[in-house]
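Peer 1: Submitted below is the structure of interest, expressed as structure tokens.
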Amino acid sequence: MSAIPIKNVYYMLVYVFEMLKSKEYARLDREDCESIYDLLASLLLCGTNDLIKRGFLKSYINQTEELTAIRGRINIGGSIRRLSFQNAKAVCDFDEFNADIYFNQVIKATLLYLKRRPLNTNIKRDISKILLYFNEIGAMEINTIKWDSLVFNRNNAHYDTLLYFCRLIYEDAIANQSKGKREFRVLEDKLLPELFERFVCEFYRKHLASEYKVRYQKQIAWNYDENYGKPPNMYADVIIENQTQKLIIDTKFSKTTLQKNIYNDRQTAKSANLYQIFAYVINENESTADKTISGLLLYPQVNNSAVDLKHSIFGHNFYVRTVDLNQGFEEIKNELQNKLRDIFIGVEYEDWSVSRR
């Protein structure tokens with residue numbers, strides 16, 4: 001698979017995270033990002049700059065200090081152990097409203113980690129500048145972050161995207177530590193497949209006319225016999241439907257699209273992937289008998305070889321198609337729109353631009 005231009009990765013992220021359309025991220029069109037690391041670091045810097053302008057999230061933090069003036073509650077035991085009373089002081093427990101909270105500590109830990117990575121010189125310089133705003137925020141090692149403790153609500157929702165980028169960078173750090181000298185690029189292995197999947201969903205959600213419903217990661221119920229135990233949960237990447245038709249899309253981000261038949265050297269769809277989309281369609285058909293249901297396996301294009309296959313199995317159409325992510329983004333948009341034209345006859349699209357100007 002050819003390397004995807006960083007600018008296209010950015011545009012895909014804009015679809016997934018619409019907040020990236022804001023003016024704070026405008027300079028990324030001109031950023032000299034040579035790798036996904038550069039791009040994620042730049043996104044984190046832009047988001048953190050915006051965070052600093054609106055102000056860090058703060059909370060009341062419990063503090064214990066030896067003071068000359070009483071503040072909060074006197075800690076009798078601590079004062080006795082430190083002989084504070086003899087020096088006209090007291091150990092006090094009090095709450096202080098400040099920005100030294102876990103969310104901000106996670107961002108600082110990620111910036112410190114990135115500063116040690118081989119990044120663009122200008123980006124590393126910007127990291128050093130922005131870290132000056134974190135002087136009063138405690139430091140931690142990136143491998144000690146407890147992601148399950150991060151809970152988002154209305155007050156801190158603006159941290160969600162920033163911490164998503166932090167987590168991707170964190171997972172790369174953990175992979176590098178656990179694999180030693182072995183090359184293990186989790187940003188490419190994890191970010192791009194997940195991004196491609198979510199981008200396809202958000203692309204069709206933003207561009208398809210209102211009569212179409214687009215759902216992400218919908219669970220499909222098995223048609224199974226309860227006497228023999230329940231099979232594992234089954235989730236479709238993307239489901240698009242209107243009043244008469246339903247399309248189940250399964251995205252596959254792999255270095256090969258087809259497999260070779262060992263008996264006649266013919267190129268065919270990968271068996272495991274075709275079985276998977278077949279299971280989705282057949283089981284979904286049990287609960288939606290009033291609609292025509294089809295399946296689509298969608299891959300990034302490999303080695304400039306486009307794939308466009310169609311199979312009809314048990315009365316359902318199955319498509320295997322590719323999209324070239326190594327071309328201009330307008331061409332990517334046109335190609336993705338054309339993928340559905342023979343599936344949903346007369347499909348209509350609405351405009352949605354990645355431009356922020």
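How things are named: the first chain in the structure tokens is A, the next is B, and so on; residues count from 1 in each chain; ligands count from 1 in the order shown.
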Please identify which residues in region 70-211 of chain A DSSP calls strand (DSSP E) from the backbone, and express them as a list of chain:residue names.

Peer 2: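 Of region 70-211 of chain A, the ones in strand (DSSP E) are A:Arg73, A:Ile74, A:Ala90, A:Val91, A:Cys92, A:Asp93, A:Phe94, A:Asp95, A:Glu96, A:Phe97, A:Asn98.
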
Peer 1: Within 8 Å of Ile4 (chain A), counting only C-alpha atoms, which residues qualify if same-chain residues fewer than 5 places away don't, as a JSON list (two decimals) with all heavy atoms, in the first residue's frame?

Peer 2:
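Saved as result-v3.json:
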```
[["chain", "number", "residue", "atom", "x", "y", "z"],
["A", 9, "VAL", "N", -4.63, 12.27, 5.57],
["A", 9, "VAL", "CA", -4.88, 11.78, 6.93],
["A", 9, "VAL", "C", -5.55, 12.88, 7.74],
["A", 9, "VAL", "O", -6.51, 12.64, 8.49],
["A", 9, "VAL", "CB", -3.57, 11.32, 7.61],
["A", 9, "VAL", "CG1", -3.83, 10.93, 9.06],
["A", 9, "VAL", "CG2", -2.96, 10.15, 6.86],
["A", 325, "LEU", "N", -6.49, 6.19, -1.57],
["A", 325, "LEU", "CA", -6.26, 7.26, -0.60],
["A", 325, "LEU", "C", -5.01, 8.07, -0.90],
["A", 325, "LEU", "O", -4.66, 8.96, -0.14],
["A", 325, "LEU", "CB", -6.16, 6.66, 0.81],
["A", 325, "LEU", "CG", -7.40, 5.91, 1.31],
["A", 325, "LEU", "CD1", -7.15, 5.33, 2.70],
["A", 325, "LEU", "CD2", -8.63, 6.81, 1.32],
["A", 326, "ASN", "N", -4.35, 7.75, -2.01],
["A", 326, "ASN", "CA", -3.10, 8.42, -2.36],
["A", 326, "ASN", "C", -3.29, 9.47, -3.45],
["A", 326, "ASN", "O", -2.34, 9.89, -4.09],
["A", 326, "ASN", "CB", -2.06, 7.39, -2.81],
["A", 326, "ASN", "CG", -0.64, 7.93, -2.75],
["A", 326, "ASN", "OD1", -0.32, 8.75, -1.90],
["A", 326, "ASN", "ND2", 0.20, 7.50, -3.67]]
```

Peer 1: Extract, using only C-alpha atoms, all DNA, RNA and protein residues at most 9 Å from region 33-46 of chain A, discarding same-chain residues fewer than 5 positions from it, and format them as a ChimeraX atom specification.

Peer 2: /A:6-7,9-10,20,24-25,27-28,51,107,111,114,117-120,123-124,126-127,130,162-163,165-166,168-169,187-188

Peer 1: Could you dump the residues just selected with N, CA, C and O atoms as a CSV table (one decimal), in the first residue's frame?

Peer 2:
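Final output, result_8.csv:
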```csv
chain,number,residue,atom,x,y,z
A,6,ILE,N,0.0,12.9,4.2
A,6,ILE,CA,-0.4,13.3,5.6
A,6,ILE,C,-1.6,14.3,5.5
A,6,ILE,O,-2.4,14.3,6.4
A,7,LYS,N,-1.6,15.1,4.4
A,7,LYS,CA,-2.8,16.0,4.3
A,7,LYS,C,-4.1,15.2,4.2
A,7,LYS,O,-5.1,15.7,4.7
A,9,VAL,N,-4.6,12.3,5.6
A,9,VAL,CA,-4.9,11.8,6.9
A,9,VAL,C,-5.6,12.9,7.7
A,9,VAL,O,-6.5,12.6,8.5
A,10,TYR,N,-5.1,14.1,7.6
A,10,TYR,CA,-5.7,15.2,8.3
A,10,TYR,C,-7.1,15.4,7.9
A,10,TYR,O,-8.0,15.6,8.7
A,20,LEU,N,-12.0,20.0,14.3
A,20,LEU,CA,-10.7,20.4,13.6
A,20,LEU,C,-11.0,21.4,12.5
A,20,LEU,O,-10.0,21.8,11.9
A,24,GLU,N,-8.4,27.4,14.8
A,24,GLU,CA,-7.2,27.1,15.6
A,24,GLU,C,-6.3,26.1,14.8
A,24,GLU,O,-5.1,26.0,15.0
A,25,TYR,N,-7.0,25.3,13.9
A,25,TYR,CA,-6.2,24.2,13.2
A,25,TYR,C,-5.9,24.6,11.8
A,25,TYR,O,-5.4,23.8,11.0
A,27,ARG,N,-3.6,26.4,10.4
A,27,ARG,CA,-2.2,26.4,10.0
A,27,ARG,C,-1.7,25.0,9.7
A,27,ARG,O,-0.7,24.9,9.0
A,28,LEU,N,-2.5,24.0,10.0
A,28,LEU,CA,-2.0,22.6,9.7
A,28,LEU,C,-2.1,22.4,8.2
A,28,LEU,O,-1.4,21.4,7.8
A,51,LEU,N,-6.9,25.3,24.2
A,51,LEU,CA,-7.3,25.1,25.6
A,51,LEU,C,-6.7,26.2,26.5
A,51,LEU,O,-7.4,26.6,27.5
A,107,ILE,N,-2.1,15.5,29.5
A,107,ILE,CA,-1.6,16.3,28.3
A,107,ILE,C,-0.1,16.6,28.5
A,107,ILE,O,0.7,16.5,27.5
A,111,LEU,N,3.0,15.6,26.1
A,111,LEU,CA,3.9,16.5,25.4
A,111,LEU,C,5.4,16.3,25.8
A,111,LEU,O,6.3,16.4,24.9
A,114,LEU,N,6.5,13.4,23.7
A,114,LEU,CA,6.7,13.8,22.3
A,114,LEU,C,8.0,14.6,22.1
A,114,LEU,O,8.7,14.5,21.1
A,117,ARG,N,10.8,12.4,21.2
A,117,ARG,CA,10.6,11.7,19.9
A,117,ARG,C,11.3,12.4,18.8
A,117,ARG,O,11.5,13.7,18.8
A,118,PRO,N,11.7,11.7,17.7
A,118,PRO,CA,12.3,12.4,16.6
A,118,PRO,C,11.2,13.1,15.7
A,118,PRO,O,10.7,12.5,14.8
A,119,LEU,N,10.9,14.3,16.0
A,119,LEU,CA,9.9,15.1,15.4
A,119,LEU,C,10.5,16.2,14.6
A,119,LEU,O,11.7,16.5,14.7
A,120,ASN,N,9.7,16.9,13.8
A,120,ASN,CA,10.1,18.1,13.1
A,120,ASN,C,10.7,19.1,14.1
A,120,ASN,O,10.1,19.3,15.2
A,123,ILE,N,8.3,21.7,15.4
A,123,ILE,CA,7.2,21.2,16.3
A,123,ILE,C,7.8,21.0,17.7
A,123,ILE,O,7.2,21.3,18.7
A,124,LYS,N,9.1,20.5,17.7
A,124,LYS,CA,9.7,20.3,19.0
A,124,LYS,C,9.9,21.6,19.7
A,124,LYS,O,9.8,21.7,21.0
A,126,ASP,N,7.9,24.2,19.4
A,126,ASP,CA,6.6,24.7,19.9
A,126,ASP,C,6.2,23.9,21.1
A,126,ASP,O,5.5,24.4,22.0
A,127,ILE,N,6.6,22.6,21.2
A,127,ILE,CA,6.3,21.8,22.4
A,127,ILE,C,7.0,22.5,23.6
A,127,ILE,O,6.4,22.6,24.7
A,130,ILE,N,5.1,25.6,24.7
A,130,ILE,CA,3.8,25.4,25.3
A,130,ILE,C,3.9,24.7,26.7
A,130,ILE,O,3.0,24.9,27.5
A,162,LEU,N,-8.6,15.9,22.4
A,162,LEU,CA,-7.2,16.0,22.8
A,162,LEU,C,-6.7,14.7,23.4
A,162,LEU,O,-5.6,14.2,23.2
A,163,LEU,N,-7.5,14.2,24.3
A,163,LEU,CA,-7.1,13.0,25.1
A,163,LEU,C,-7.2,11.8,24.2
A,163,LEU,O,-6.5,10.8,24.5
A,165,PHE,N,-6.1,11.9,21.0
A,165,PHE,CA,-4.8,11.9,20.4
A,165,PHE,C,-3.7,11.5,21.4
A,165,PHE,O,-2.7,10.8,21.1
A,166,CYS,N,-3.8,11.9,22.7
A,166,CYS,CA,-2.9,11.5,23.7
A,166,CYS,C,-2.8,10.0,23.9
A,166,CYS,O,-1.8,9.4,24.0
A,168,LEU,N,-3.6,7.7,21.6
A,168,LEU,CA,-2.9,7.0,20.5
A,168,LEU,C,-1.4,7.1,20.7
A,168,LEU,O,-0.6,6.2,20.4
A,169,ILE,N,-0.9,8.3,21.1
A,169,ILE,CA,0.5,8.5,21.3
A,169,ILE,C,1.0,7.6,22.5
A,169,ILE,O,2.1,7.0,22.4
A,187,LEU,N,0.9,3.6,15.7
A,187,LEU,CA,0.2,4.7,15.1
A,187,LEU,C,-0.3,4.3,13.7
A,187,LEU,O,-1.4,4.5,13.3
A,188,GLU,N,0.5,3.6,12.9
A,188,GLU,CA,0.1,3.2,11.6
A,188,GLU,C,-0.8,1.9,11.7
A,188,GLU,O,-1.8,1.8,11.0
```

Peer 1: Restricting the calculation to only C-alpha atoms: of A:Arg73, A:Phe56, A:Ala209, A:Asp172, which residue gets closest to Ile137 (chain A)?

Peer 2: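 That would be A:Phe56, the residue with the smallest distance to Ile137 (chain A).
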
Peer 1: Which of region 108-343 of chain A counts as helix (DSSP H, G or I) under DSSP, as number ranges by chain please?

Peer 2: A: 108-115, 121-134, 142-144, 147-149, 157-179, 186-207, 226-228, 271-287, 329-339

Peer 1: What is the CA of Asp342 (chain A)-CA of Glu202 (chain A) distance in Å, reported with one decimal?

Peer 2: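 Computed distance, CA of Asp342 (chain A) to CA of Glu202 (chain A), equals 20.5 Å.
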
Peer 1: Just the residues within 10 Å of Arg215 (chain A), please, counting only C-alpha atoms, with nothing from its chain fewer than 3 positions along; format it as a PyMOL selection string.

Peer 2: chain A and resi 201-202+204-205+212+218+236-241+248

Peer 1: With C-alpha atoms kept, could you save the residues just selected as a PDB file, in the first residue's frame?

Peer 2:
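Output file again.pdb follows:
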```pdb
ATOM      1  CA  CYS A 201     -18.959   6.272   8.300  1.00  0.00           C
ATOM      2  CA  GLU A 202     -18.693  10.037   8.848  1.00  0.00           C
ATOM      3  CA  TYR A 204     -21.459   9.091   4.201  1.00  0.00           C
ATOM      4  CA  ARG A 205     -23.213  10.512   7.264  1.00  0.00           C
ATOM      5  CA  TYR A 212     -30.498   7.854   4.388  1.00  0.00           C
ATOM      6  CA  LYS A 218     -24.262  -1.408  15.051  1.00  0.00           C
ATOM      7  CA  ALA A 236     -20.991  -4.080  11.575  1.00  0.00           C
ATOM      8  CA  ASP A 237     -18.604  -1.197  10.851  1.00  0.00           C
ATOM      9  CA  VAL A 238     -21.119   0.923   8.922  1.00  0.00           C
ATOM     10  CA  ILE A 239     -24.768   0.414   7.949  1.00  0.00           C
ATOM     11  CA  ILE A 240     -26.495   2.681   5.412  1.00  0.00           C
ATOM     12  CA  GLU A 241     -30.203   2.352   4.709  1.00  0.00           C
ATOM     13  CA  ILE A 248     -23.618  -3.237   5.366  1.00  0.00           C
TER      14      ILE A 248
END
```

Peer 1: Can you list, as a PyMOL selection string, every protein, DNA or RNA residue that comes within 12 Å of Arg167 (chain A) when you count only C-alpha atoms, leaving out same-chain residues fewer than 6 positions away?

Peer 2: chain A and resi 40+44+103+106-107+109-111+113+142-148+150+160-161+173-174+186-187+190-191

Peer 1: Any chance you could export the current selection's N, CA, C and O atoms as a JSON list (two decimals), in the first residue's frame?

Peer 2:
```
[["chain", "number", "residue", "atom", "x", "y", "z"],
["A", 40, "LEU", "N", 0.08, 14.20, 14.56],
["A", 40, "LEU", "CA", -0.58, 14.10, 15.87],
["A", 40, "LEU", "C", -0.02, 15.12, 16.85],
["A", 40, "LEU", "O", -0.76, 15.71, 17.64],
["A", 44, "LEU", "N", -2.18, 18.03, 18.58],
["A", 44, "LEU", "CA", -2.20, 18.18, 20.03],
["A", 44, "LEU", "C", -1.78, 19.59, 20.43],
["A", 44, "LEU", "O", -2.35, 20.19, 21.34],
["A", 103, "PHE", "N", -6.60, 15.39, 33.93],
["A", 103, "PHE", "CA", -6.68, 15.65, 32.49],
["A", 103, "PHE", "C", -5.49, 16.46, 32.02],
["A", 103, "PHE", "O", -4.87, 16.15, 30.99],
["A", 106, "VAL", "N", -2.22, 14.49, 32.08],
["A", 106, "VAL", "CA", -2.10, 13.57, 30.94],
["A", 106, "VAL", "C", -1.55, 14.30, 29.72],
["A", 106, "VAL", "O", -0.66, 13.80, 29.02],
["A", 107, "ILE", "N", -2.07, 15.49, 29.45],
["A", 107, "ILE", "CA", -1.59, 16.27, 28.31],
["A", 107, "ILE", "C", -0.12, 16.62, 28.48],
["A", 107, "ILE", "O", 0.69, 16.50, 27.55],
["A", 109, "ALA", "N", 2.15, 15.01, 30.28],
["A", 109, "ALA", "CA", 2.95, 13.79, 30.14],
["A", 109, "ALA", "C", 3.14, 13.43, 28.66],
["A", 109, "ALA", "O", 4.22, 12.99, 28.24],
["A", 110, "THR", "N", 2.09, 13.62, 27.86],
["A", 110, "THR", "CA", 2.17, 13.30, 26.44],
["A", 110, "THR", "C", 3.10, 14.27, 25.72],
["A", 110, "THR", "O", 3.90, 13.87, 24.86],
["A", 111, "LEU", "N", 3.03, 15.56, 26.06],
["A", 111, "LEU", "CA", 3.91, 16.54, 25.44],
["A", 111, "LEU", "C", 5.38, 16.27, 25.80],
["A", 111, "LEU", "O", 6.27, 16.38, 24.94],
["A", 113, "TYR", "N", 6.62, 13.36, 26.49],
["A", 113, "TYR", "CA", 7.02, 12.17, 25.72],
["A", 113, "TYR", "C", 7.34, 12.54, 24.28],
["A", 113, "TYR", "O", 8.36, 12.12, 23.72],
["A", 142, "ILE", "N", 4.29, 8.78, 31.07],
["A", 142, "ILE", "CA", 3.19, 8.45, 30.18],
["A", 142, "ILE", "C", 2.66, 7.04, 30.40],
["A", 142, "ILE", "O", 1.47, 6.75, 30.21],
["A", 143, "ASN", "N", 3.56, 6.12, 30.86],
["A", 143, "ASN", "CA", 3.12, 4.73, 31.04],
["A", 143, "ASN", "C", 2.35, 4.51, 32.33],
["A", 143, "ASN", "O", 1.93, 3.38, 32.62],
["A", 144, "THR", "N", 2.14, 5.56, 33.13],
["A", 144, "THR", "CA", 1.36, 5.42, 34.37],
["A", 144, "THR", "C", -0.07, 5.94, 34.22],
["A", 144, "THR", "O", -0.84, 5.89, 35.18],
["A", 145, "ILE", "N", -0.41, 6.43, 33.04],
["A", 145, "ILE", "CA", -1.75, 7.00, 32.84],
["A", 145, "ILE", "C", -2.81, 5.92, 32.94],
["A", 145, "ILE", "O", -2.67, 4.85, 32.35],
["A", 146, "LYS", "N", -3.86, 6.20, 33.69],
["A", 146, "LYS", "CA", -4.98, 5.26, 33.86],
["A", 146, "LYS", "C", -6.16, 5.78, 33.02],
["A", 146, "LYS", "O", -6.95, 6.60, 33.47],
["A", 147, "TRP", "N", -6.28, 5.28, 31.81],
["A", 147, "TRP", "CA", -7.27, 5.79, 30.88],
["A", 147, "TRP", "C", -8.70, 5.50, 31.33],
["A", 147, "TRP", "O", -9.61, 6.25, 31.01],
["A", 148, "ASP", "N", -8.88, 4.40, 32.04],
["A", 148, "ASP", "CA", -10.24, 4.05, 32.48],
["A", 148, "ASP", "C", -10.78, 5.02, 33.52],
["A", 148, "ASP", "O", -11.98, 5.04, 33.79],
["A", 150, "LEU", "N", -10.68, 8.25, 33.20],
["A", 150, "LEU", "CA", -11.07, 9.48, 32.53],
["A", 150, "LEU", "C", -12.56, 9.42, 32.19],
["A", 150, "LEU", "O", -12.98, 8.61, 31.36],
["A", 160, "ASP", "N", -12.09, 15.80, 25.14],
["A", 160, "ASP", "CA", -12.26, 14.46, 24.60],
["A", 160, "ASP", "C", -11.33, 14.18, 23.42],
["A", 160, "ASP", "O", -10.58, 13.20, 23.41],
["A", 161, "THR", "N", -11.33, 15.06, 22.41],
["A", 161, "THR", "CA", -10.51, 14.84, 21.23],
["A", 161, "THR", "C", -9.02, 14.91, 21.56],
["A", 161, "THR", "O", -8.22, 14.10, 21.08],
["A", 173, "ALA", "N", 3.86, 4.58, 22.75],
["A", 173, "ALA", "CA", 4.93, 4.56, 23.74],
["A", 173, "ALA", "C", 5.00, 3.20, 24.44],
["A", 173, "ALA", "O", 6.08, 2.63, 24.62],
["A", 174, "ILE", "N", 3.84, 2.64, 24.82],
["A", 174, "ILE", "CA", 3.81, 1.35, 25.50],
["A", 174, "ILE", "C", 4.30, 0.24, 24.58],
["A", 174, "ILE", "O", 5.05, -0.65, 24.98],
["A", 186, "VAL", "N", 2.61, 1.43, 16.17],
["A", 186, "VAL", "CA", 1.20, 1.28, 16.50],
["A", 186, "VAL", "C", 0.35, 2.40, 15.91],
["A", 186, "VAL", "O", -0.84, 2.23, 15.65],
["A", 187, "LEU", "N", 0.94, 3.58, 15.67],
["A", 187, "LEU", "CA", 0.15, 4.66, 15.08],
["A", 187, "LEU", "C", -0.32, 4.27, 13.68],
["A", 187, "LEU", "O", -1.44, 4.55, 13.30],
["A", 190, "LYS", "N", -2.68, 1.01, 14.28],
["A", 190, "LYS", "CA", -3.96, 1.23, 14.96],
["A", 190, "LYS", "C", -4.71, 2.44, 14.43],
["A", 190, "LYS", "O", -5.90, 2.37, 14.14],
["A", 191, "LEU", "N", -4.02, 3.56, 14.28],
["A", 191, "LEU", "CA", -4.70, 4.79, 13.89],
["A", 191, "LEU", "C", -5.33, 4.68, 12.51],
["A", 191, "LEU", "O", -6.50, 4.99, 12.33]]
```

Peer 1: Would you mind telling me which residue in A:Phe278, A:Phe85, A:Tyr164, A:Tyr349 lies nearest to His316 (chain A) when using only C-alpha atoms?

Peer 2: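 Once distances to His316 (chain A) are computed over only C-alpha atoms, the minimum belongs to A:Phe278.
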
Peer 1: Compile the contact shell of region 295-303 of chain A as a list in words: residues with an atom at most 7 Å away, counting only C-alpha atoms, same-chain residues fewer than 5 positions apart removed.

Peer 2: Met1, Ser2, Leu247, Ile248, Ile249, Asp250, Thr251, Lys252, Phe253, Lys255, Thr256, Thr257, Ile277, Val281, Asn317, Phe318, Tyr319, Val320, Arg321, Thr322, Val323, Asp324 and Leu325 of chain A

Peer 1: Would you write out those residues with N, CA and C atoms, as a PDB file, in the first residue's frame?

Peer 2:
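Output file result.pdb follows:
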```pdb
ATOM      1  N   MET A   1       0.847  -1.189   0.000  1.00  0.00           N
ATOM      2  CA  MET A   1       0.000   0.000   0.000  1.00  0.00           C
ATOM      3  C   MET A   1       0.884   1.241   0.000  1.00  0.00           C
ATOM      4  N   SER A   2       0.602   2.138  -0.907  1.00  0.00           N
ATOM      5  CA  SER A   2       1.375   3.383  -0.952  1.00  0.00           C
ATOM      6  C   SER A   2       1.108   4.198   0.302  1.00  0.00           C
ATOM      7  N   LEU A 247     -27.383  -1.339   3.208  1.00  0.00           N
ATOM      8  CA  LEU A 247     -26.029  -1.751   2.828  1.00  0.00           C
ATOM      9  C   LEU A 247     -25.178  -1.865   4.083  1.00  0.00           C
ATOM     10  N   ILE A 248     -24.545  -3.025   4.251  1.00  0.00           N
ATOM     11  CA  ILE A 248     -23.618  -3.237   5.366  1.00  0.00           C
ATOM     12  C   ILE A 248     -22.201  -3.127   4.816  1.00  0.00           C
ATOM     13  N   ILE A 249     -21.430  -2.209   5.371  1.00  0.00           N
ATOM     14  CA  ILE A 249     -20.053  -1.993   4.917  1.00  0.00           C
ATOM     15  C   ILE A 249     -19.085  -2.492   5.983  1.00  0.00           C
ATOM     16  N   ASP A 250     -18.129  -3.284   5.553  1.00  0.00           N
ATOM     17  CA  ASP A 250     -17.041  -3.704   6.443  1.00  0.00           C
ATOM     18  C   ASP A 250     -15.740  -3.199   5.836  1.00  0.00           C
ATOM     19  N   THR A 251     -15.053  -2.306   6.539  1.00  0.00           N
ATOM     20  CA  THR A 251     -13.802  -1.742   6.031  1.00  0.00           C
ATOM     21  C   THR A 251     -12.639  -2.638   6.431  1.00  0.00           C
ATOM     22  N   LYS A 252     -11.704  -2.777   5.521  1.00  0.00           N
ATOM     23  CA  LYS A 252     -10.523  -3.612   5.757  1.00  0.00           C
ATOM     24  C   LYS A 252      -9.282  -2.831   5.353  1.00  0.00           C
ATOM     25  N   PHE A 253      -8.417  -2.557   6.314  1.00  0.00           N
ATOM     26  CA  PHE A 253      -7.202  -1.788   6.039  1.00  0.00           C
ATOM     27  C   PHE A 253      -6.036  -2.770   6.044  1.00  0.00           C
ATOM     28  N   LYS A 255      -2.642  -4.759   3.588  1.00  0.00           N
ATOM     29  CA  LYS A 255      -1.665  -4.572   2.523  1.00  0.00           C
ATOM     30  C   LYS A 255      -2.012  -5.382   1.282  1.00  0.00           C
ATOM     31  N   THR A 256      -2.962  -6.292   1.395  1.00  0.00           N
ATOM     32  CA  THR A 256      -3.426  -7.057   0.247  1.00  0.00           C
ATOM     33  C   THR A 256      -4.950  -7.045   0.233  1.00  0.00           C
ATOM     34  N   THR A 257      -5.511  -7.002  -0.958  1.00  0.00           N
ATOM     35  CA  THR A 257      -6.963  -6.949  -1.097  1.00  0.00           C
ATOM     36  C   THR A 257      -7.540  -8.298  -1.484  1.00  0.00           C
ATOM     37  N   ILE A 277     -18.652 -10.727   6.012  1.00  0.00           N
ATOM     38  CA  ILE A 277     -19.716  -9.857   5.509  1.00  0.00           C
ATOM     39  C   ILE A 277     -20.956 -10.683   5.172  1.00  0.00           C
ATOM     40  N   VAL A 281     -24.799  -9.988   6.630  1.00  0.00           N
ATOM     41  CA  VAL A 281     -25.965  -9.789   5.763  1.00  0.00           C
ATOM     42  C   VAL A 281     -27.046 -10.813   6.052  1.00  0.00           C
ATOM     43  N   ASN A 317     -26.518  -9.259  -2.964  1.00  0.00           N
ATOM     44  CA  ASN A 317     -25.347  -8.781  -3.693  1.00  0.00           C
ATOM     45  C   ASN A 317     -24.222  -8.450  -2.717  1.00  0.00           C
ATOM     46  N   PHE A 318     -23.017  -8.884  -3.060  1.00  0.00           N
ATOM     47  CA  PHE A 318     -21.825  -8.602  -2.257  1.00  0.00           C
ATOM     48  C   PHE A 318     -20.788  -7.944  -3.169  1.00  0.00           C
ATOM     49  N   TYR A 319     -20.250  -6.819  -2.696  1.00  0.00           N
ATOM     50  CA  TYR A 319     -19.301  -6.043  -3.483  1.00  0.00           C
ATOM     51  C   TYR A 319     -17.944  -6.019  -2.773  1.00  0.00           C
ATOM     52  N   VAL A 320     -16.879  -6.056  -3.563  1.00  0.00           N
ATOM     53  CA  VAL A 320     -15.517  -5.884  -3.059  1.00  0.00           C
ATOM     54  C   VAL A 320     -14.913  -4.737  -3.846  1.00  0.00           C
ATOM     55  N   ARG A 321     -14.623  -3.626  -3.157  1.00  0.00           N
ATOM     56  CA  ARG A 321     -14.153  -2.431  -3.851  1.00  0.00           C
ATOM     57  C   ARG A 321     -13.015  -1.766  -3.085  1.00  0.00           C
ATOM     58  N   THR A 322     -12.281  -0.925  -3.801  1.00  0.00           N
ATOM     59  CA  THR A 322     -11.166  -0.193  -3.201  1.00  0.00           C
ATOM     60  C   THR A 322     -11.340   1.296  -3.442  1.00  0.00           C
ATOM     61  N   VAL A 323     -10.690   2.084  -2.588  1.00  0.00           N
ATOM     62  CA  VAL A 323     -10.632   3.532  -2.778  1.00  0.00           C
ATOM     63  C   VAL A 323      -9.172   3.954  -2.667  1.00  0.00           C
ATOM     64  N   ASP A 324      -8.729   4.776  -3.603  1.00  0.00           N
ATOM     65  CA  ASP A 324      -7.338   5.225  -3.647  1.00  0.00           C
ATOM     66  C   ASP A 324      -7.163   6.419  -2.708  1.00  0.00           C
ATOM     67  N   LEU A 325      -6.490   6.192  -1.573  1.00  0.00           N
ATOM     68  CA  LEU A 325      -6.262   7.263  -0.596  1.00  0.00           C
ATOM     69  C   LEU A 325      -5.011   8.068  -0.899  1.00  0.00           C
TER      70      LEU A 325
END
```

Peer 1: Between A:Met19, A:Leu57, A:Ile70, A:Ile52, which residue has the minimum interatomic distance to Leu132 (chain A), considering only C-alpha atoms?

Peer 2: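 Nearest candidate to Leu132 (chain A) out of A:Met19, A:Leu57, A:Ile70, A:Ile52: A:Ile52.
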